[in-house]
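Text of model.csv (CSV, C-alpha atoms and all ligand atoms) as supplied:
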```csv
chain,number,residue,atom,x,y,z
H,758,MET,CA,0.0,0.0,0.0
H,759,THR,CA,1.2,3.4,-0.8
H,760,SER,CA,0.5,6.7,0.9
H,761,ILE,CA,-1.9,8.9,-0.9
H,762,PHE,CA,0.2,11.9,0.1
H,763,GLY,CA,3.0,10.9,-2.2
H,764,TYR,CA,1.1,11.6,-5.4
H,765,ARG,CA,1.1,14.6,-7.6
H,766,LYS,CA,-2.4,14.9,-9.1
H,767,GLU,CA,-1.4,13.8,-12.6
H,768,GLU,CA,0.4,10.8,-11.1
H,769,LEU,CA,-2.6,9.8,-9.1
H,770,GLN,CA,-4.8,10.0,-12.2
H,771,LEU,CA,-2.5,7.6,-14.0
H,772,ASP,CA,-2.2,5.3,-11.1
H,773,LEU,CA,-6.0,5.2,-10.5
H,774,VAL,CA,-6.6,4.4,-14.2
H,775,ALA,CA,-4.0,1.6,-14.0
H,776,HIS,CA,-6.0,0.1,-11.1
H,777,GLY,CA,-9.3,0.4,-13.1
H,778,PHE,CA,-10.7,3.5,-11.5
H,779,LYS,CA,-12.0,6.6,-13.3
H,780,LYS,CA,-9.4,9.4,-13.8
H,781,TYR,CA,-11.6,12.1,-12.2
H,782,LEU,CA,-11.4,10.3,-8.9
H,783,ALA,CA,-8.0,12.0,-8.4
H,784,GLU,CA,-9.6,15.4,-8.3
H,785,GLN,CA,-12.2,14.2,-5.8
H,786,ILE,CA,-9.6,12.7,-3.6
H,787,PHE,CA,-7.4,15.8,-3.7
H,788,ASP,CA,-10.5,17.8,-2.8
H,789,TRP,CA,-11.3,15.6,0.2
H,790,ILE,CA,-7.9,15.4,1.7
H,791,TYR,CA,-6.4,18.8,0.9
H,792,VAL,CA,-9.5,21.1,0.8
H,793,LYS,CA,-12.1,19.4,3.0
H,794,LYS,CA,-9.4,17.9,5.2
H,795,ILE,CA,-11.0,14.5,5.5
H,796,TYR,CA,-8.5,11.8,6.1
H,797,SER,CA,-10.6,8.6,5.7
H,798,PHE,CA,-11.8,7.0,2.5
H,799,ASP,CA,-15.0,6.0,4.2
H,800,GLU,CA,-16.0,9.6,4.7
H,801,MET,CA,-15.6,10.5,1.0
H,802,THR,CA,-19.3,10.4,0.4
H,803,ASN,CA,-19.3,11.3,-3.3
H,804,ILE,CA,-17.2,8.3,-4.1
H,805,SER,CA,-19.1,5.0,-4.5
H,806,LYS,CA,-18.9,2.5,-1.6
H,807,THR,CA,-17.3,-0.1,-4.0
H,808,ASP,CA,-14.6,2.4,-5.0
H,809,ARG,CA,-14.0,3.5,-1.4
H,810,ASN,CA,-13.4,-0.1,-0.4
H,811,LYS,CA,-11.2,-0.7,-3.4
H,812,LEU,CA,-9.2,2.5,-2.7
H,813,GLN,CA,-8.3,1.1,0.7
H,814,GLU,CA,-6.7,-1.9,-0.9
H,815,TYR,CA,-4.2,0.3,-2.7
H,816,TYR,CA,-3.7,3.5,-0.7
H,817,THR,CA,-3.3,4.6,2.8
H,818,ILE,CA,-4.0,8.0,4.5
H,819,GLU,CA,-2.3,6.9,7.7
H,820,PRO,CA,-1.1,10.0,9.8
H,821,LEU,CA,2.3,10.2,11.2
H,822,LYS,CA,2.7,9.2,14.8
H,823,ILE,CA,3.3,12.1,17.2
H,824,VAL,CA,6.1,11.4,19.7
H,825,VAL,CA,6.6,14.8,21.2
H,826,GLU,CA,4.6,18.0,20.9
H,827,GLN,CA,6.2,21.0,22.6
H,828,LYS,CA,4.6,24.5,22.7
H,829,SER,CA,6.8,27.5,23.3
H,830,LYS,CA,5.8,30.7,25.1
H,831,ASP,CA,5.9,32.6,21.8
H,832,GLY,CA,3.4,30.1,20.2
H,833,THR,CA,5.9,28.1,18.3
H,834,VAL,CA,5.1,24.4,18.3
H,835,LYS,CA,7.6,21.7,17.7
H,836,PHE,CA,6.6,18.2,16.7
H,837,LEU,CA,8.7,15.1,16.8
H,838,PHE,CA,7.1,12.5,14.4
H,839,GLN,CA,7.8,8.8,14.1
H,840,LEU,CA,7.9,7.4,10.6
H,841,SER,CA,6.7,3.9,9.8
H,842,ASP,CA,10.2,2.4,10.0
H,843,GLY,CA,10.8,4.0,13.4
H,844,TYR,CA,12.9,7.0,12.4
H,845,LYS,CA,12.0,10.3,14.0
H,846,ILE,CA,11.8,13.7,12.3
H,847,GLU,CA,11.1,17.3,13.4
H,848,THR,CA,8.6,19.8,12.2
H,849,VAL,CA,8.0,23.3,13.5
H,850,LEU,CA,5.0,25.5,13.4
H,851,MET,CA,5.7,29.2,13.7
H,852,PRO,CA,2.6,31.4,14.0
H,853,GLN,CA,3.4,34.7,12.3
H,854,SER,CA,1.6,38.0,11.8
H,855,TYR,CA,1.0,37.0,8.2
H,856,GLY,CA,-0.1,33.4,8.8
H,857,ASN,CA,1.1,30.0,10.0
H,858,SER,CA,4.5,29.0,8.7
H,859,VAL,CA,5.7,25.4,8.9
H,860,CYS,CA,9.3,24.4,8.8
H,861,VAL,CA,9.6,20.9,7.2
H,862,THR,CA,12.3,18.2,7.3
H,863,THR,CA,13.5,16.5,4.1
H,864,GLN,CA,15.9,13.8,5.4
H,865,VAL,CA,16.5,11.6,8.4
H,866,GLY,CA,19.7,13.2,9.5
H,867,CYS,CA,22.0,15.1,7.2
H,868,ASN,CA,25.3,14.5,5.5
H,869,MET,CA,26.4,18.1,5.1
H,870,ALA,CA,28.1,18.2,8.4
H,871,CYS,CA,28.0,22.0,9.0
H,872,THR,CA,30.1,22.3,12.1
H,873,PHE,CA,27.6,24.6,14.0
H,874,CYS,CA,24.5,22.5,13.3
H,875,ALA,CA,22.9,20.0,15.6
H,876,SER,CA,21.4,18.1,12.6
H,877,GLY,CA,24.8,17.0,11.4
H,878,LEU,CA,25.4,15.2,14.7
H,879,LEU,CA,23.2,12.5,13.3
H,880,LYS,CA,24.4,11.4,9.8
H,881,LYS,CA,21.8,10.9,7.1
H,882,ASN,CA,20.0,7.6,7.4
H,883,ARG,CA,17.8,8.1,4.4
H,884,ASN,CA,15.8,10.6,2.3
H,885,LEU,CA,12.2,11.3,3.2
H,886,SER,CA,9.7,10.2,0.7
H,887,THR,CA,7.5,12.8,-0.9
H,888,ALA,CA,4.6,11.6,1.2
H,889,GLU,CA,6.5,12.0,4.4
H,890,ILE,CA,7.3,15.6,3.6
H,891,VAL,CA,3.6,16.3,2.6
H,892,GLN,CA,2.4,14.6,5.8
H,893,GLN,CA,4.3,17.0,8.0
H,894,VAL,CA,2.2,19.9,6.6
H,895,MET,CA,-0.9,17.8,6.9
H,896,MET,CA,-0.2,16.9,10.5
H,897,VAL,CA,0.3,20.6,11.4
H,898,ASN,CA,-2.9,21.3,9.5
H,899,ARG,CA,-4.8,18.8,11.7
H,900,TYR,CA,-3.4,20.5,14.7
H,901,LEU,CA,-4.5,23.9,13.4
H,902,ALA,CA,-7.9,22.7,12.3
H,903,THR,CA,-9.1,22.7,15.9
H,904,THR,CA,-8.9,26.5,15.8
H,905,ASN,CA,-10.1,26.8,12.2
H,906,GLU,CA,-6.7,27.9,11.0
H,907,ARG,CA,-4.5,26.5,8.2
H,908,VAL,CA,-0.9,26.4,7.2
H,909,SER,CA,-0.2,29.3,4.8
H,910,HIS,CA,3.6,29.3,4.4
H,911,VAL,CA,6.2,26.6,4.2
H,912,VAL,CA,9.9,26.9,4.7
H,913,VAL,CA,12.0,23.9,3.8
H,914,MET,CA,14.6,24.5,6.5
H,915,GLY,CA,14.2,21.6,8.9
H,916,ILE,CA,16.6,18.7,9.2
H,917,GLY,CA,18.4,17.7,6.0
H,918,GLU,CA,19.6,19.3,2.8
H,919,PRO,CA,16.6,19.6,0.5
H,920,PHE,CA,18.7,19.7,-2.7
H,921,ASP,CA,20.2,16.4,-1.6
H,922,ASN,CA,16.7,15.1,-1.9
H,923,PHE,CA,15.8,17.2,-4.9
H,924,ASP,CA,13.1,15.2,-6.6
H,925,ASN,CA,11.0,14.5,-3.5
H,926,THR,CA,11.3,18.1,-2.3
H,927,LEU,CA,10.1,19.4,-5.7
H,928,ARG,CA,7.3,16.9,-5.9
H,929,PHE,CA,6.3,18.0,-2.4
H,930,VAL,CA,6.2,21.6,-3.5
H,931,ASN,CA,4.1,20.6,-6.5
H,932,ILE,CA,1.5,18.8,-4.3
H,933,ILE,CA,1.0,21.5,-1.7
H,934,ASN,CA,0.9,24.1,-4.4
H,935,ASP,CA,-1.8,22.3,-6.4
H,936,LEU,CA,-4.6,24.8,-7.3
H,937,LYS,CA,-7.3,22.3,-6.6
H,938,GLY,CA,-5.5,20.9,-3.6
H,939,TYR,CA,-3.9,22.5,-0.5
H,940,GLN,CA,-3.1,25.7,-2.4
H,941,ILE,CA,0.0,27.1,-0.8
H,942,GLY,CA,1.2,29.7,-3.3
H,943,ALA,CA,4.7,29.2,-4.6
H,944,ARG,CA,5.7,32.6,-3.3
H,945,HIS,CA,4.7,31.4,0.2
H,946,ILE,CA,7.2,28.5,-0.1
H,947,THR,CA,10.9,28.9,0.6
H,948,ILE,CA,13.6,26.3,0.0
H,949,SER,CA,16.9,26.7,1.8
H,950,THR,CA,20.1,25.1,0.7
H,951,CYS,CA,23.7,25.0,2.0
H,952,GLY,CA,24.9,25.5,-1.6
H,953,LEU,CA,24.7,22.5,-3.9
H,954,VAL,CA,25.7,24.4,-7.0
H,955,PRO,CA,24.4,22.0,-9.7
H,956,LYS,CA,21.1,21.7,-8.0
H,957,ILE,CA,20.7,25.5,-7.6
H,958,LYS,CA,21.2,25.7,-11.4
H,959,GLN,CA,18.7,22.9,-12.0
H,960,PHE,CA,16.2,24.7,-9.7
H,961,ALA,CA,16.8,28.0,-11.5
H,962,GLU,CA,16.0,26.3,-14.8
H,963,LEU,CA,12.6,25.2,-13.5
H,964,LYS,CA,11.7,28.9,-13.2
H,965,THR,CA,9.2,28.4,-10.4
H,966,GLN,CA,8.1,31.2,-8.2
H,967,VAL,CA,9.3,29.3,-5.1
H,968,ASN,CA,11.7,31.4,-3.0
H,969,LEU,CA,15.3,30.4,-2.7
H,970,ALA,CA,17.4,30.9,0.4
H,971,ILE,CA,21.1,30.3,0.5
H,972,SER,CA,22.9,29.4,3.8
H,973,LEU,CA,25.9,31.5,3.3
H,974,HIS,CA,27.2,32.2,6.8
H,975,ALA,CA,30.6,33.5,5.5
H,976,PRO,CA,31.8,35.8,2.7
H,977,ASN,CA,35.1,34.0,2.0
H,978,ASN,CA,36.4,30.4,1.6
H,979,THR,CA,38.6,30.5,4.7
H,980,ILE,CA,35.7,31.0,7.1
H,981,ARG,CA,33.2,29.1,5.1
H,982,ASN,CA,35.4,26.0,4.8
H,983,GLN,CA,35.6,26.0,8.5
H,984,LEU,CA,31.9,26.1,9.0
H,985,MET,CA,30.6,24.2,6.0
H,986,PRO,CA,32.5,21.3,4.5
H,987,ILE,CA,30.3,21.6,1.3
H,988,ASN,CA,32.3,24.8,0.6
H,989,LYS,CA,35.3,22.6,-0.4
H,990,ALA,CA,33.2,21.1,-3.2
H,991,TYR,CA,31.4,24.4,-4.2
H,992,PRO,CA,33.5,27.4,-3.0
H,993,VAL,CA,32.0,30.9,-2.6
H,994,GLU,CA,32.8,32.0,-6.2
H,995,LYS,CA,31.0,29.0,-7.7
H,996,LEU,CA,28.1,29.5,-5.3
H,997,MET,CA,27.8,33.1,-6.3
H,998,ASP,CA,27.9,32.2,-10.0
H,999,ALA,CA,25.0,29.8,-9.4
H,1000,VAL,CA,23.1,32.5,-7.5
H,1001,ARG,CA,23.6,35.0,-10.3
H,1002,TYR,CA,22.4,32.4,-12.8
H,1003,TYR,CA,19.3,31.8,-10.6
H,1004,ILE,CA,18.5,35.5,-10.5
H,1005,GLU,CA,19.1,36.0,-14.2
H,1006,LEU,CA,16.7,33.1,-15.1
H,1007,THR,CA,14.0,33.7,-12.6
H,1008,ASN,CA,14.2,37.4,-11.9
H,1009,ARG,CA,13.5,36.5,-8.2
H,1010,ARG,CA,15.2,37.9,-5.1
H,1011,VAL,CA,17.4,35.6,-3.2
H,1012,THR,CA,17.7,35.4,0.6
H,1013,PHE,CA,21.1,34.9,2.1
H,1014,GLU,CA,21.0,33.3,5.6
H,1015,TYR,CA,23.8,34.3,7.9
H,1016,ILE,CA,24.1,33.0,11.4
H,1017,LEU,CA,26.2,35.1,13.6
H,1018,ILE,CA,28.7,33.2,15.7
H,1019,GLU,CA,30.9,35.0,18.2
H,1020,ASN,CA,34.4,35.7,16.8
H,1021,VAL,CA,34.0,33.4,13.8
H,1022,ASN,CA,32.0,35.4,11.2
H,1023,ASP,CA,30.8,38.5,13.0
H,1024,SER,CA,33.6,41.1,12.8
H,1025,ARG,CA,33.1,44.5,11.1
H,1026,GLU,CA,35.6,43.5,8.4
H,1027,THR,CA,33.6,40.3,7.6
H,1028,ALA,CA,30.5,42.4,7.3
H,1029,LEU,CA,32.3,44.7,4.8
H,1030,GLU,CA,33.5,41.7,2.9
H,1031,LEU,CA,29.9,40.3,2.8
H,1032,ALA,CA,28.6,43.7,1.5
H,1033,LYS,CA,31.2,43.7,-1.2
H,1034,LEU,CA,30.4,40.1,-2.2
H,1035,ILE,CA,26.7,40.6,-2.7
H,1036,ARG,CA,26.5,44.3,-3.7
H,1037,GLY,CA,24.3,44.8,-6.7
H,1038,LEU,CA,22.5,41.5,-6.4
H,1039,ASN,CA,18.7,41.3,-6.1
H,1040,ALA,CA,19.1,39.8,-2.6
H,1041,TYR,CA,18.8,40.5,1.1
H,1042,VAL,CA,20.5,39.1,4.1
H,1043,ASN,CA,18.7,37.4,7.0
H,1044,LEU,CA,20.9,37.7,10.0
H,1045,ILE,CA,20.2,34.8,12.4
H,1046,PRO,CA,21.2,34.8,16.1
H,1047,TYR,CA,23.0,31.6,16.5
H,1048,ASN,CA,21.2,29.0,18.6
H,1049,THR,CA,23.9,27.5,20.8
H,1050,VAL,CA,24.4,23.7,20.5
H,1051,ALA,CA,26.3,22.8,23.6
H,1052,GLU,CA,28.5,20.2,21.9
H,1053,ASN,CA,30.4,22.3,19.4
H,1054,GLY,CA,31.9,25.2,21.3
H,1055,TYR,CA,30.4,28.0,19.2
H,1056,GLN,CA,28.7,30.9,20.9
H,1057,ARG,CA,26.0,33.4,19.8
H,1058,SER,CA,27.6,36.6,18.6
H,1059,THR,CA,27.4,39.6,20.9
H,1060,LYS,CA,27.9,41.9,17.9
H,1061,ILE,CA,24.7,41.3,16.0
H,1062,ASN,CA,23.7,45.0,16.0
H,1063,GLN,CA,27.1,46.2,14.8
H,1064,PHE,CA,27.1,43.7,12.0
H,1065,PHE,CA,23.6,44.7,11.0
H,1066,GLU,CA,24.5,48.4,11.1
H,1067,THR,CA,27.6,47.9,9.0
H,1068,LEU,CA,25.5,46.1,6.3
H,1069,GLN,CA,22.9,48.9,6.4
H,1070,GLN,CA,25.6,51.6,6.0
H,1071,GLN,CA,26.8,49.6,3.0
H,1072,LYS,CA,23.2,49.8,1.6
H,1073,ILE,CA,22.7,46.1,1.8
H,1074,ASN,CA,19.1,45.0,2.5
H,1075,CYS,CA,19.1,43.0,5.7
H,1076,ILE,CA,17.0,42.1,8.7
H,1077,VAL,CA,17.7,40.3,12.0
H,1078,ARG,CA,15.5,37.3,12.1
H,1079,ARG,CA,13.1,37.1,15.0
H,1080,GLU,CA,13.7,34.1,17.1
H,1081,PHE,CA,11.3,31.3,17.6
H,1082,GLY,CA,11.0,28.7,20.3
H,1083,HIS,CA,14.4,29.3,21.9
H,1084,ASP,CA,13.0,27.7,25.1
H,1085,ILE,CA,12.0,24.5,23.2
H,1086,ASP,CA,15.1,23.6,21.2
H,1087,ALA,CA,13.7,24.9,17.9
H,1088,ALA,CA,17.1,25.1,16.2
H,1089,CYS,CA,17.6,22.7,13.5
H,1090,GLY,CA,17.9,19.1,14.7
H,1091,GLN,CA,18.0,20.0,18.4
H,1092,LEU,CA,14.9,18.2,19.5
H,1093,ARG,CA,15.7,15.1,17.6
H,1094,ALA,CA,19.3,15.0,18.7
H,1095,LYS,CA,18.2,15.3,22.3
H,1096,ASN,CA,15.5,12.6,22.0
H,1097,GLU,CA,18.2,10.3,20.6
H,1098,GLY,CA,20.5,11.2,23.5
H,1099,ILE,CA,23.1,12.7,21.1
H,1100,ILE,CA,23.2,16.1,22.9
H,1101,ARG,CA,22.7,17.0,26.5
H,1102,LYS,CA,19.2,17.4,27.8
H,1201,LIG,N1,20.3,22.2,4.7
H,1201,LIG,C1,19.6,23.4,4.4
H,1201,LIG,C2,18.3,23.6,5.2
H,1201,LIG,C3,18.3,23.1,6.7
H,1201,LIG,S1,19.2,24.2,7.8
H,1201,LIG,C4,20.5,24.6,4.6
H,1201,LIG,O1,21.6,24.5,5.0
H,1201,LIG,O2,20.1,25.7,4.3
H,1201,LIG,C5,18.2,25.7,7.9
H,1201,LIG,C6,19.0,26.9,8.4
H,1201,LIG,O3,19.2,26.8,9.8
H,1201,LIG,C7,20.3,27.0,7.7
H,1201,LIG,O4,20.6,28.3,7.4
H,1201,LIG,C8,21.2,26.5,8.8
H,1201,LIG,O5,22.5,27.0,8.6
H,1201,LIG,C9,20.6,27.1,10.0
H,1201,LIG,N2,21.0,26.6,11.3
H,1201,LIG,C10,21.5,25.3,11.6
H,1201,LIG,N3,21.8,25.2,12.9
H,1201,LIG,C11,21.6,26.4,13.4
H,1201,LIG,C12,21.7,26.9,14.8
H,1201,LIG,N4,22.2,26.1,15.7
H,1201,LIG,N5,21.3,28.2,15.0
H,1201,LIG,C13,20.8,28.9,14.0
H,1201,LIG,N6,20.7,28.5,12.7
H,1201,LIG,C14,21.0,27.3,12.5
```
Could you render the structure from this file as structure tokens?
Amino acid sequence: MTSIFGYRKEELQLDLVAHGFKKYLAEQIFDWIYVKKIYSFDEMTNISKTDRNKLQEYYTIEPLKIVVEQKSKDGTVKFLFQLSDGYKIETVLMPQSYGNSVCVTTQVGCNMACTFCASGLLKKNRNLSTAEIVQQVMMVNRYLATTNERVSHVVVMGIGEPFDNFDNTLRFVNIINDLKGYQIGARHITISTCGLVPKIKQFAELKTQVNLAISLHAPNNTIRNQLMPINKAYPVEKLMDAVRYYIELTNRRVTFEYILIENVNDSRETALELAKLIRGLNAYVNLIPYNTVAENGYQRSTKINQFFETLQQQKINCIVRREFGHDIDAACGQLRAKNEGIIRK
């Protein structure tokens, strides 16, 4: 049996026809699960009883199992879900002034090994399937349904490197974006990458309206090599070429994420170097206060304001990201790592 959440509508149509169903059933099923939010074939009353019974032989709408649900003082809710093979993944709901944003995970663990990140403490076990990524949004949707709210924005910034699970990530985007389905607008979806250059180019060529965020964290190879091993394969110059290519093809603005770590990447000179690197690009910088992970020795920068002001003086668009769920381990991979006993509780 396969999860119904793994199908793009066109794929479901083909699959249904192959099993002897009518093609239009796909549209009805999409309407039930993504619009009406009914998660049982039995309740899909405009589908014949025979078809409903038969659907259950091929497809499942099984939800993910909730292992932990933590609510922060600021409204952030962090979920730890268990997958059918026992692996656990994190998903975070961040209520914002403009809607409900959900941060989804794309892999069990991560192989990028960024030295500051808790996710890298657990190596990648496997990619998530399309259905498992879609399910995270649906689970949060169920949670919000009790107050008649919905998920309006998605950021692909949870555990894992989305471009290392490129196909499933893009299929996921296609499903939640479906106009007769859950309907999250492409401009309300952001994918964040540590800088897999060939995939950034491939993504650019798709010319979608989906937002691209680049985890830059340093303006030169010396610092970036130290923070992100991926930089050895795709150094800053190559990364910037790919970003320029993306902007050229899509005409969309890019976000650079930049976590500020004390005495590593937060000096005034580094800010000036960053300004020089991205000047003239259709981009802005998201400065992120570092969430300390006890095990790696990095500290949150005490010079966030100075860094911000330097960029502003240099006429670089930038903001300091508001923090969410600092009291509930909302930084990437922290909850899962703690649950697995990898980092101190
Ligand atoms: N692999 C992708 C997406 C997952 S990480 C990427 O690298 O972009 C999402 C963002 O959280 C990245 O910018 C990452 O660098 C940042 N991040 C990881 N650990 C963090 C921490 N402890 N504090 C603050 N940001 C962190």
Using all atoms listed in the file, which residues sit within 7 Å of range 1031-1044 of chain H once same-chain residues fewer than 4 positions away are excluded, as a ChimeraX atom specification? /H:976,1010-1017,1027,1068,1071,1073-1078
Which residues are near ligand LIG 1201 (chain H) in this structure, taking near to mean any atom at most 8 Å from a ligand atom and counting all atoms listed in the file? Format them as a ChimeraX atom specification. /H:862,867,869,871,873-876,913-920,948-952,970-974,1014-1016,1045-1050,1088-1091
Around (23.6, 20.4, -5.4) in the file's frame, which residues reach within 10 Å when counting all atoms listed in the file? Return as a ChimeraX atom specification? /H:918-923,950-960,987,990-991
Hey, which of H:Tyr815, H:Asn978, H:Lys995, H:Glu826 ends up closest to Glu1030 in chain H? Count all atoms listed in the file.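 Nearest to Glu1030 in chain H: H:Asn978.
Across the model, the gap from CA of Gly942 in chain H to CA of Asn803 in chain H is 27.5 Å.
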Of the residues H:Lys1072, H:Arg1057, H:Lys964, H:His910, which is the one nearest to Arg944 in chain H, using all atoms listed in the file?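 Selected residue with least distance to Arg944 in chain H: H:His910.
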Within 8 Å of range 891-897 of chain H, counting all atoms listed in the file, which residues qualify if same-chain residues fewer than 2 places away don't, as a VMD selection string? chain H and resid 762 to 763 820 to 821 848 850 859 861 887 to 889 899 to 901 908 929 932 to 933
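Atom pair CA of Asn868 in chain H / CA of Arg1001 in chain H has a distance of 25.9 Å (rounded to one decimal).
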Show me the residues close to (13.2, 11.4, 9.1) - anything with an atom within 8 Å, counting only C-alpha atoms - and format the list as a PyMOL selection string. chain H and resi 839-840+844-847+862-866+882-885
Check the smallest atom-to-atom distance from each of H:Thr903, H:Gln785, H:Ser854, H:Thr833 to Thr802 in chain H using all atoms listed in the file, then report the winner.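 Among the listed residues, the smallest separation from Thr802 in chain H belongs to H:Gln785.
Closest to Thr872 in chain H among H:Val792, H:Val911, H:Ile980, H:Leu969 is H:Ile980, based on only C-alpha atoms.
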Measure the distance from CA of Asn898 in chain H to CA of Glu1080 in chain H in Å and round it to one decimal.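 Atom-to-atom, CA of Asn898 in chain H and CA of Glu1080 in chain H are spaced 22.3 Å apart.
Proximity to Phe787 in chain H was assessed for H:Asn810, H:Thr926, H:Gln940, H:Asn905 counting only C-alpha atoms; the smallest distance is recorded for H:Gln940.
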Counting all atoms listed in the file, which residue out of H:Lys794, H:Arg1009, H:Lys937, H:Lys989 sits closest to Val967 in chain H?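 Under the stated criterion, the closest residue is H:Arg1009.
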Spatial neighbours of Tyr855 in chain H, max dist 9 Å, all atoms listed in the file, sep filter under 2 positions, as a list in words: Pro852, Gln853, Asn857, Ser858, Ser909 and His910 of chain H
For His776 in chain H, work out the shell of residues within 10 Å, counting all atoms listed in the file and skipping chain neighbours fewer than 3 positions away, then give it as number ranges by chain. H: 771-773, 779, 811-812, 815
